[in-house]
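Participant: So here's coords_10.cif (mmCIF, C-alpha atoms).
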data_query
loop_
_atom_site.label_atom_id
_atom_site.label_comp_id
_atom_site.auth_asym_id
_atom_site.auth_seq_id
_atom_site.Cartn_x
_atom_site.Cartn_y
_atom_site.Cartn_z
CA MET A 1 91.71 124.40 94.98
CA SER A 2 93.48 127.48 93.66
CA ASP A 3 92.08 129.66 90.91
CA ASP A 4 95.13 128.80 88.80
CA VAL A 5 94.18 125.14 88.76
CA ILE A 6 90.59 125.95 87.87
CA GLU A 7 91.72 128.20 85.03
CA THR A 8 94.21 125.61 83.81
CA ALA A 9 91.52 122.96 83.78
CA ARG A 10 89.48 125.25 81.56
CA ILE A 11 92.13 125.50 78.88
CA SER A 12 89.76 123.68 76.57
CA SER A 13 86.37 124.39 78.09
CA PRO A 14 84.26 122.56 78.99
CA ARG A 15 86.55 120.30 81.01
CA LEU A 16 85.83 118.04 83.94
CA LEU A 17 88.11 118.33 86.94
CA SER A 18 86.84 114.90 87.94
CA LEU A 19 88.22 113.41 84.72
CA ASP A 20 91.61 115.06 85.27
CA SER A 21 91.56 113.82 88.88
CA TYR A 22 90.74 110.27 87.80
CA ARG A 23 93.52 110.34 85.22
CA GLY A 24 96.02 111.77 87.70
CA GLY A 25 95.08 109.26 90.38
CA VAL A 26 95.61 106.32 88.05
CA MET A 27 98.97 107.73 86.93
CA LEU A 28 100.17 108.07 90.52
CA LEU A 29 98.97 104.58 91.38
CA MET A 30 100.83 103.23 88.36
CA VAL A 31 104.25 104.45 89.59
CA PHE A 32 103.56 103.34 93.17
CA SER A 33 104.82 99.86 92.32
CA SER A 34 104.30 97.55 95.29
CA TRP A 35 107.20 95.22 94.51
CA ARG A 36 109.57 97.97 95.63
CA TRP A 37 108.18 98.52 99.12
CA LEU A 38 105.56 95.97 100.15
CA PRO A 39 107.65 92.75 100.51
CA PRO A 40 109.78 94.15 103.40
CA ILE A 41 106.64 95.19 105.28
CA ILE A 42 105.02 91.79 104.76
CA GLY A 43 108.28 90.19 105.88
CA ALA A 44 108.03 92.12 109.14
CA TYR A 45 104.32 91.36 109.57
CA PRO A 46 103.77 88.01 107.78
CA ASP A 47 100.45 87.24 109.49
CA ASN A 48 98.78 90.58 108.78
CA SER A 49 95.67 89.77 106.72
CA PHE A 50 95.33 93.33 105.40
CA LEU A 51 98.87 93.32 104.02
CA ILE A 52 98.26 89.96 102.35
CA TRP A 53 95.09 91.33 100.76
CA LEU A 54 96.91 94.51 99.71
CA ARG A 55 99.68 92.51 98.06
CA GLY A 56 97.08 90.69 95.98
CA GLN A 57 95.36 93.94 95.01
CA LEU A 58 98.62 95.57 93.83
CA LEU A 59 99.48 92.75 91.43
CA HIS A 60 97.95 91.58 88.16
CA LEU A 61 96.04 88.34 88.52
CA GLU A 62 97.51 85.40 86.69
CA TRP A 63 94.33 85.05 84.65
CA ALA A 64 90.65 85.34 85.62
CA GLY A 65 89.25 87.94 88.02
CA CYS A 66 90.06 91.53 88.87
CA THR A 67 92.31 93.46 91.24
CA ILE A 68 92.88 97.17 91.77
CA TRP A 69 96.10 96.89 89.75
CA ASP A 70 94.17 95.29 86.88
CA MET A 71 92.03 98.43 86.65
CA ILE A 72 94.89 100.73 85.60
CA GLN A 73 94.79 99.94 81.87
CA PRO A 74 90.98 99.93 81.44
CA SER A 75 90.87 103.24 83.30
CA PHE A 76 93.27 104.69 80.71
CA MET A 77 91.14 103.32 77.88
CA PHE A 78 87.92 104.58 79.42
CA MET A 79 89.33 108.07 79.99
CA VAL A 80 90.54 108.31 76.39
CA GLY A 81 86.96 107.87 75.25
CA ALA A 82 85.54 110.27 77.83
CA SER A 83 88.14 112.91 76.98
CA LEU A 84 87.45 112.57 73.26
CA ALA A 85 83.81 113.49 73.85
CA PHE A 86 84.92 116.86 75.22
CA SER A 87 87.81 117.50 72.83
CA MET A 88 85.57 116.83 69.81
CA LYS A 89 83.11 119.44 71.04
CA ASN A 90 85.93 121.93 71.57
CA ARG A 91 87.42 121.36 68.12
CA ILE A 92 84.06 121.74 66.43
CA SER A 93 83.43 124.96 68.38
CA ALA A 94 86.85 126.21 67.25
CA GLY A 95 85.78 125.74 63.65
CA GLN A 96 87.99 122.78 62.75
CA SER A 97 86.86 120.79 59.74
CA GLY A 98 86.25 117.06 59.76
CA ARG A 99 89.35 116.56 57.62
CA GLN A 100 91.53 118.50 60.06
CA MET A 101 90.23 116.51 63.02
CA LEU A 102 90.68 113.19 61.20
CA SER A 103 94.24 114.14 60.24
CA HIS A 104 94.98 114.94 63.89
CA ALA A 105 93.46 111.63 65.02
CA ILE A 106 95.61 109.68 62.55
CA ARG A 107 98.78 111.49 63.63
CA ARG A 108 97.93 110.91 67.27
CA ALA A 109 97.30 107.20 66.68
CA ILE A 110 100.65 106.76 64.90
CA ILE A 111 102.54 108.63 67.62
CA LEU A 112 100.90 106.58 70.38
CA ILE A 113 101.74 103.30 68.65
CA LEU A 114 105.36 104.26 68.00
CA LEU A 115 105.79 105.71 71.50
CA GLY A 116 104.52 102.47 73.01
CA VAL A 117 106.95 100.45 70.89
CA PHE A 118 109.79 102.85 71.79
CA LEU A 119 109.22 102.48 75.54
CA ARG A 120 108.95 98.69 75.30
CA SER A 121 112.27 98.56 73.42
CA PHE A 122 114.42 99.79 76.32
CA ALA A 123 115.44 96.25 77.29
CA PHE A 124 116.58 95.41 73.74
CA GLN A 125 119.40 96.30 71.37
CA GLY A 126 116.95 97.03 68.58
CA THR A 127 113.30 97.89 68.07
CA TYR A 128 111.03 95.47 69.91
CA TRP A 129 107.83 95.39 67.89
CA THR A 130 105.05 94.54 70.31
CA PHE A 131 101.53 95.92 70.43
CA GLU A 132 99.97 94.92 73.74
CA ASP A 133 101.22 98.02 75.60
CA VAL A 134 98.52 100.43 76.73
CA LEU A 135 99.75 103.18 74.39
CA THR A 136 99.84 100.94 71.33
CA GLN A 137 96.44 99.51 72.17
CA ILE A 138 94.99 103.01 72.45
CA GLY A 139 96.69 104.00 69.20
CA LEU A 140 95.33 101.00 67.29
CA GLY A 141 91.77 101.82 68.31
CA TYR A 142 91.94 105.61 68.30
CA VAL A 143 90.99 106.35 64.69
CA PRO A 144 87.93 104.04 64.78
CA LEU A 145 86.97 105.67 68.07
CA PHE A 146 87.27 109.12 66.50
CA LEU A 147 85.12 108.10 63.54
CA LEU A 148 82.48 106.73 65.89
CA ALA A 149 82.50 109.91 67.98
CA SER A 150 80.74 111.81 65.20
CA ARG A 151 77.96 109.26 64.86
CA SER A 152 74.73 109.03 66.83
CA ILE A 153 74.64 107.50 70.30
CA LYS A 154 72.34 104.79 68.95
CA PHE A 155 74.90 103.85 66.33
CA GLN A 156 77.71 103.89 68.91
CA CYS A 157 75.74 101.52 71.13
CA MET A 158 75.13 99.21 68.19
CA VAL A 159 78.86 99.11 67.43
CA LEU A 160 79.64 98.49 71.10
CA VAL A 161 77.31 95.50 71.21
CA SER A 162 78.62 94.25 67.86
CA ILE A 163 82.22 94.33 69.11
CA LEU A 164 81.34 92.43 72.27
CA VAL A 165 79.26 89.81 70.48
CA GLY A 166 81.67 89.50 67.54
CA TYR A 167 84.77 89.12 69.69
CA TRP A 168 82.97 86.63 71.92
CA ALA A 169 81.96 84.61 68.85
CA LEU A 170 85.54 84.61 67.53
CA PHE A 171 86.76 82.86 70.66
CA ALA A 172 83.65 80.72 71.18
CA LEU A 173 83.72 79.29 67.66
CA TRP A 174 87.47 78.80 67.48
CA PRO A 175 88.26 75.08 67.84
CA LEU A 176 89.90 74.03 71.09
CA PRO A 177 93.44 72.57 70.96
CA GLY A 178 93.67 68.82 70.82
CA PRO A 179 94.81 66.60 73.70
CA GLU A 180 98.39 66.76 72.41
CA TYR A 181 98.62 70.55 72.89
CA ASP A 182 101.65 71.43 75.00
CA TYR A 183 100.27 73.98 77.46
CA ALA A 184 103.53 74.06 79.39
CA ALA A 185 105.38 75.26 76.28
CA VAL A 186 103.17 78.39 76.12
CA SER A 187 103.20 79.19 79.86
CA ALA A 188 99.63 78.00 80.24
CA ASP A 189 100.11 75.15 82.68
CA LYS A 190 99.98 77.25 85.84
CA PRO A 191 97.09 76.81 88.29
CA GLY A 192 94.16 79.07 87.53
CA VAL A 193 94.87 79.80 83.86
CA ARG A 194 92.88 76.91 82.38
CA PHE A 195 89.11 76.57 82.47
CA ASN A 196 86.77 73.62 82.34
CA GLY A 197 84.02 73.15 79.78
CA PHE A 198 82.97 75.89 77.38
CA ALA A 199 85.09 78.52 79.15
CA ALA A 200 88.21 76.69 77.90
CA HIS A 201 87.84 78.74 74.71
CA TRP A 202 89.43 81.56 76.73
CA ASP A 203 92.41 79.58 78.05
CA LYS A 204 95.79 81.28 78.12
CA ASN A 205 97.71 81.10 74.82
CA ALA A 206 95.25 78.62 73.37
CA ASN A 207 92.91 81.06 71.66
CA PRO A 208 92.65 82.84 68.28
CA ALA A 209 94.40 86.02 69.48
CA HIS A 210 97.43 83.90 70.40
CA TYR A 211 97.56 82.30 66.96
CA PHE A 212 97.19 85.70 65.30
CA ASP A 213 100.30 86.95 67.09
CA ARG A 214 102.19 83.79 66.14
CA TRP A 215 101.76 85.02 62.55
CA PHE A 216 101.64 88.81 62.91
CA LEU A 217 104.55 89.50 65.29
CA ASN A 218 106.87 87.32 63.23
CA LEU A 219 106.44 89.73 60.34
CA PHE A 220 108.72 92.10 62.29
CA PRO A 221 112.45 91.67 63.04
CA ARG A 222 113.17 90.18 66.45
CA PRO A 223 115.90 92.06 68.38
CA ILE A 224 118.55 90.86 70.81
CA ARG A 225 118.02 91.63 74.49
CA ASN A 226 120.47 93.92 76.25
CA ASP A 227 121.85 90.91 78.11
CA GLY A 228 122.80 89.35 74.77
CA VAL A 229 120.01 86.75 74.63
CA VAL A 230 118.56 86.19 71.15
CA ILE A 231 114.81 85.86 71.67
CA GLY A 232 114.17 84.20 68.30
CA PRO A 233 110.83 83.99 66.46
CA PHE A 234 107.73 84.89 68.46
CA HIS A 235 106.20 81.77 69.96
CA HIS A 236 103.96 83.03 72.76
CA HIS A 237 103.56 85.86 75.24
CA SER A 238 104.38 84.63 78.72
CA GLY A 239 101.66 86.86 80.19
CA GLY A 240 99.04 85.90 77.63
CA TYR A 241 98.62 89.45 76.26
CA HIS A 242 97.74 89.89 72.59
CA THR A 243 97.63 92.47 69.82
CA LEU A 244 93.99 91.75 68.97
CA SER A 245 92.93 92.97 72.39
CA PHE A 246 92.74 96.43 70.85
CA ILE A 247 89.37 95.39 69.39
CA PRO A 248 87.56 94.85 72.71
CA SER A 249 89.65 97.71 74.15
CA LEU A 250 87.89 99.89 71.60
CA ALA A 251 84.66 98.85 73.30
CA THR A 252 86.07 100.08 76.63
CA MET A 253 86.92 103.41 75.01
CA LEU A 254 83.40 103.53 73.58
CA VAL A 255 81.98 103.16 77.08
CA GLY A 256 84.06 106.17 78.10
CA LEU A 257 82.91 108.10 75.02
CA LEU A 258 79.27 107.43 75.85
CA ALA A 259 79.86 108.52 79.46
CA GLY A 260 81.53 111.74 78.33
CA GLN A 261 78.70 112.51 75.94
CA TRP A 262 76.10 111.84 78.63
CA LEU A 263 77.84 114.22 81.04
CA GLN A 264 77.48 116.98 78.45
CA VAL A 265 73.73 116.53 78.13
CA LYS A 266 71.71 119.40 79.60
CA LYS A 267 69.90 117.46 82.30
CA GLN A 268 69.75 117.65 86.07
CA GLU A 269 73.05 116.60 87.64
CA ARG A 270 71.24 114.16 89.91
CA LEU A 271 69.71 112.40 86.89
CA LYS A 272 73.07 112.11 85.14
CA ILE A 273 74.72 110.72 88.25
CA LEU A 274 71.94 108.20 88.86
CA ALA A 275 71.96 107.02 85.25
CA LEU A 276 75.73 106.47 85.18
CA LEU A 277 75.76 104.65 88.51
CA THR A 278 72.91 102.43 87.36
CA ALA A 279 74.67 101.69 84.08
CA GLY A 280 77.86 100.81 85.94
CA LEU A 281 76.14 98.43 88.34
CA ILE A 282 74.15 96.74 85.57
CA SER A 283 77.28 96.32 83.47
CA MET A 284 79.13 94.66 86.34
CA ALA A 285 76.15 92.41 87.11
CA VAL A 286 75.90 91.24 83.49
CA ALA A 287 79.63 90.47 83.46
CA GLU A 288 79.35 88.46 86.67
CA GLY A 289 76.42 86.57 85.19
CA MET A 290 78.43 85.74 82.08
CA GLU A 291 81.28 84.38 84.17
CA LEU A 292 79.15 82.40 86.63
CA SER A 293 77.18 80.83 83.81
CA GLY A 294 80.36 79.83 82.01
CA VAL A 295 79.43 81.89 78.93
CA CYS A 296 82.53 84.09 79.14
CA PRO A 297 85.10 84.42 81.96
CA ILE A 298 86.33 87.80 83.19
CA VAL A 299 89.95 87.94 82.00
CA LYS A 300 91.81 91.23 81.73
CA ARG A 301 94.87 89.88 79.89
CA ILE A 302 92.86 88.96 76.78
CA TRP A 303 90.19 91.64 77.34
CA THR A 304 87.20 89.31 77.19
CA PRO A 305 83.78 90.89 76.54
CA SER A 306 82.85 90.20 80.16
CA TRP A 307 86.00 92.07 81.21
CA VAL A 308 84.89 95.04 79.08
CA LEU A 309 81.58 95.10 80.95
CA PHE A 310 83.03 94.49 84.41
CA SER A 311 85.92 96.95 84.22
CA GLY A 312 83.80 99.45 82.28
CA GLY A 313 81.21 99.33 85.05
CA ILE A 314 83.86 100.08 87.66
CA CYS A 315 85.20 102.98 85.56
CA LEU A 316 81.69 104.41 85.25
CA ILE A 317 81.18 104.26 89.00
CA VAL A 318 84.58 105.79 89.84
CA LEU A 319 84.15 108.67 87.37
CA THR A 320 80.59 109.29 88.54
CA VAL A 321 81.60 109.46 92.20
CA LEU A 322 84.43 111.86 91.37
CA TYR A 323 82.07 113.91 89.21
CA ALA A 324 79.52 114.14 92.01
CA VAL A 325 82.13 115.14 94.59
CA ILE A 326 84.36 117.45 92.55
CA ASP A 327 82.26 118.95 89.76
CA VAL A 328 78.82 118.93 91.35
CA ALA A 329 79.44 119.30 95.10
CA LYS A 330 82.52 121.49 94.37
CA TRP A 331 84.77 119.72 96.89
CA LYS A 332 87.89 120.38 94.84
CA LYS A 333 90.86 121.22 97.02
CA TRP A 334 91.72 117.64 97.95
CA ALA A 335 92.04 116.74 94.24
CA TYR A 336 94.74 119.38 93.55
CA PRO A 337 97.69 116.89 93.40
CA LEU A 338 95.71 114.60 91.11
CA VAL A 339 94.71 117.37 88.70
CA VAL A 340 98.31 118.54 88.35
CA VAL A 341 99.31 115.09 87.10
CA GLY A 342 96.11 114.57 85.12
CA LEU A 343 96.80 117.66 83.02
CA ASN A 344 100.10 116.18 81.75
CA PRO A 345 99.33 112.46 81.42
CA ILE A 346 101.67 111.64 78.51
CA THR A 347 104.57 113.36 80.25
CA PHE A 348 103.97 111.48 83.48
CA TYR A 349 103.56 108.15 81.67
CA VAL A 350 106.85 108.57 79.80
CA MET A 351 108.61 109.63 83.01
CA SER A 352 107.31 106.49 84.72
CA TRP A 353 109.21 104.45 82.10
CA THR A 354 112.35 106.57 81.82
CA LEU A 355 113.04 108.30 85.16
CA VAL A 356 111.98 105.95 87.96
CA ASP A 357 115.17 103.87 88.01
CA ALA A 358 117.32 106.98 87.48
CA ILE A 359 115.68 108.75 90.44
CA ASN A 360 116.04 105.72 92.70
CA SER A 361 119.67 105.14 91.76
CA ASN A 362 120.55 108.82 92.27
CA MET A 363 118.86 108.89 95.67
CA ARG A 364 120.93 105.87 96.70
CA ARG A 365 124.09 107.46 95.28
CA HIS A 366 123.72 110.86 96.95
CA LEU A 367 121.84 109.97 100.13
CA GLY A 368 123.40 106.59 100.76
CA PRO A 369 122.02 103.08 100.16
CA LYS A 370 120.50 102.82 103.64
CA PHE A 371 119.31 106.42 104.04
CA PHE A 372 115.59 105.65 104.09
CA ASN A 373 116.06 102.52 106.20
CA GLU A 374 117.88 104.56 108.84
CA ILE A 375 114.93 106.95 109.01
CA ALA A 376 111.98 104.55 108.78
CA GLY A 377 113.52 101.17 109.58
CA GLU A 378 114.17 98.09 107.45
CA ALA A 379 110.47 97.39 106.94
CA PHE A 380 109.26 100.87 105.97
CA GLY A 381 112.43 102.36 104.46
CA PRO A 382 111.62 101.16 100.91
CA LEU A 383 108.11 102.63 101.26
CA LEU A 384 109.56 106.02 102.23
CA GLY A 385 111.96 105.86 99.30
CA THR A 386 109.14 105.04 96.89
CA LEU A 387 107.06 107.93 98.23
CA CYS A 388 109.99 110.30 97.68
CA MET A 389 110.39 109.03 94.11
CA VAL A 390 106.68 109.64 93.42
CA VAL A 391 106.92 113.14 94.94
CA ILE A 392 109.86 113.97 92.66
CA LEU A 393 107.89 112.90 89.59
CA TRP A 394 104.92 114.94 90.81
CA LEU A 395 107.12 118.00 91.30
CA VAL A 396 108.20 117.80 87.66
CA THR A 397 104.57 117.94 86.52
CA TYR A 398 103.90 120.69 89.07
CA TRP A 399 106.78 122.73 87.64
CA MET A 400 105.30 122.26 84.16
CA TYR A 401 101.84 123.17 85.39
CA ARG A 402 102.99 126.39 87.03
CA ARG A 403 104.57 127.42 83.74
CA LYS A 404 101.53 126.31 81.76
CA ILE A 405 103.51 123.66 79.86
CA PHE A 406 101.14 120.93 78.74
CA ILE A 407 102.41 118.19 76.43
CA ARG A 408 99.70 117.07 74.03
CA ILE A 409 99.80 114.59 71.18
#
Could you write out this file's structure as C-alpha cells?

Facilitator:
Amino acid sequence: MSDDVIETARISSPRLLSLDSYRGGVMLLMVFSSWRWLPPIIGAYPDNSFLIWLRGQLLHLEWAGCTIWDMIQPSFMFMVGASLAFSMKNRISAGQSGRQMLSHAIRRAIILILLGVFLRSFAFQGTYWTFEDVLTQIGLGYVPLFLLASRSIKFQCMVLVSILVGYWALFALWPLPGPEYDYAAVSADKPGVRFNGFAAHWDKNANPAHYFDRWFLNLFPRPIRNDGVVIGPFHHHSGGYHTLSFIPSLATMLVGLLAGQWLQVKKQERLKILALLTAGLISMAVAEGMELSGVCPIVKRIWTPSWVLFSGGICLIVLTVLYAVIDVAKWKKWAYPLVVVGLNPITFYVMSWTLVDAINSNMRRHLGPKFFNEIAGEAFGPLLGTLCMVVILWLVTYWMYRRKIFIRI
C-alpha cells in the first residue's frame, strides 16, 4: 500500500485501515447487484449448485435467517459505532467541548435522516417520508449513540442488554392477531414468513412495529409515484421493514462502539484479537440458541434481538480478521481499493443511488446495447458491464482521494 494511502488514513489519527477496508468492501458489494448479471449466467448453467447457492446469498431472505446480502446493513450500523469510538477520541484530543460535539452529532443525525428520505423519494413526485432506510435508521439512533459513547463501558453494556430485553418484551407481550386477521392483505401469507407457537409474535406485519407505522407514517403526506399511481394512506410495508427497528439497530451500533473502544485499549494485540473473536462466536451461539428454542427468531427485516446478536457476532469476526491481517500483520497492499472507497463512504453511497442507472444507460448509448455481450458472450456480458460500472464508481472516489477530497457529515 502506498504511503499516500497510509497518510490519508491517518487524517484523524488514530485510524484503523481495517475499518476503512471493511467499510469500502461493503460499499462495493452493495453496488454489485446480482439481479443485473447473475440470472443470465444461471440461465446458461441451470444445474450449477454453486451458482444456485450464490444467487441465494446475494438476495435478502424473505424473512428468517441470514445471507451475505443481509449483512450489508448491519455492517454499516456496526461500523458507525466503531468509527465513533475513534472520532470521539480525536475530537476530545482536539479540544472540542461536549456541547460542540453534541451539536455536531445532532446536525449529523438530521442530515442522515433527510438524506435517506431524499434518496428514497426518487421514485415519487413528492417527498416520500419513510424511515427504514439505512441512513435514516442510523440518523435516528445516532444522538443516543453519541451520548452513550461518553459513558462507561459497564453502562454501555447495561444499555445494550436493556435494549435487547426491552425490545424482545415489546414483541413477546404484544397480543397476537385473531383468527380473522388477513395476512394476505399485509403481504404476510408467503411461505416462510409465519412462525408457529411463541415465535408467531415476530410474524411479518403482525407485530407492534407494524402497528406503530400504521399510525406514524400516516402523519406525513403521501406522494404520487412517478408512474402516476396514488399510493394512498400507509397500510403496510411489503417487505416488513419498520421505523422502530432503529431501536435494536442502536444496539448493533453499540456493539460496534464497544469493539472500537476495545481496540484502543493498550493491551497485547493477540489478547484483543482473541477477545473479539470469542465475543463474536458467543454472540452468534446465543442467537442460534434463541432461535432454536423458539424464544426469538433471527429476522433481519424487523431487527430482532437475536438478529442483533447474530449479525453483530459476524461483524465482530470480520472486523477482527481484517484488523489482524491489515493493522497487526501489516498486509496492507491488497486492501488499497477498499480503503479508497472506505474513506468516502457517504459519497459512494449517494453515487450508488444516483449514478448507477446513468452509467449503465450511457455505456449502452455510447458503446452499443450488445457491446459487453459481444466481448464476453450472452451469459457473462452483463457481469462484465456491471464490473465496468463498479470500476467507474471506484475511479470517482479514487479521483477524490488523490486530491484529498473527503466528504464528511

Participant: Using all atoms listed in the file, which protein or nucleic acid residues come within 6 Å of region 256-261 of chain A? Drop anything in the same chain fewer than 6 positions from it, and give the result as a list of chain:residue names.

Facilitator: A:Phe78, A:Met79, A:Gly81, A:Ala82, A:Ala85

Participant: Which is closer to Leu395 (chain A) than all the others in A:Asn205, A:Asn344, A:Thr127, A:Thr252, using all atoms listed in the file?

Facilitator: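 Nearest candidate to Leu395 (chain A) out of A:Asn205, A:Asn344, A:Thr127, A:Thr252: A:Asn344.
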
Participant: To one decimal in Å, tell me the separation between CA of Val134 (chain A) and CA of Arg91 (chain A).

Facilitator: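 Going from CA of Val134 (chain A) over to CA of Arg91 (chain A) covers 25.2 Å.
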
Participant: Care to translate the PyMOL selection byres ((chain A and resi 406) around 10) into actual residues of this file, as JSON, numbers by chain?

Facilitator: {"A": [8, 343, 344, 345, 346, 347, 397, 400, 401, 403, 404, 405, 407, 408, 409]}

Participant: Using the chain letters and residue numbers of this document, give as a ChimeraX atom specification the residues selected by the PyMOL selection byres ((chain A and resi 187-202) around 12).

Facilitator: /A:61-65,167-178,181-186,203-210,235-241,290-307

Participant: Measuring between only C-alpha atoms, which one of A:Ala379, A:Leu393, A:Leu322, A:Met101 shows the shortest distance to Ile42 (chain A)?

Facilitator: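 Counting only C-alpha atoms, the residue closest to Ile42 (chain A) is A:Ala379.
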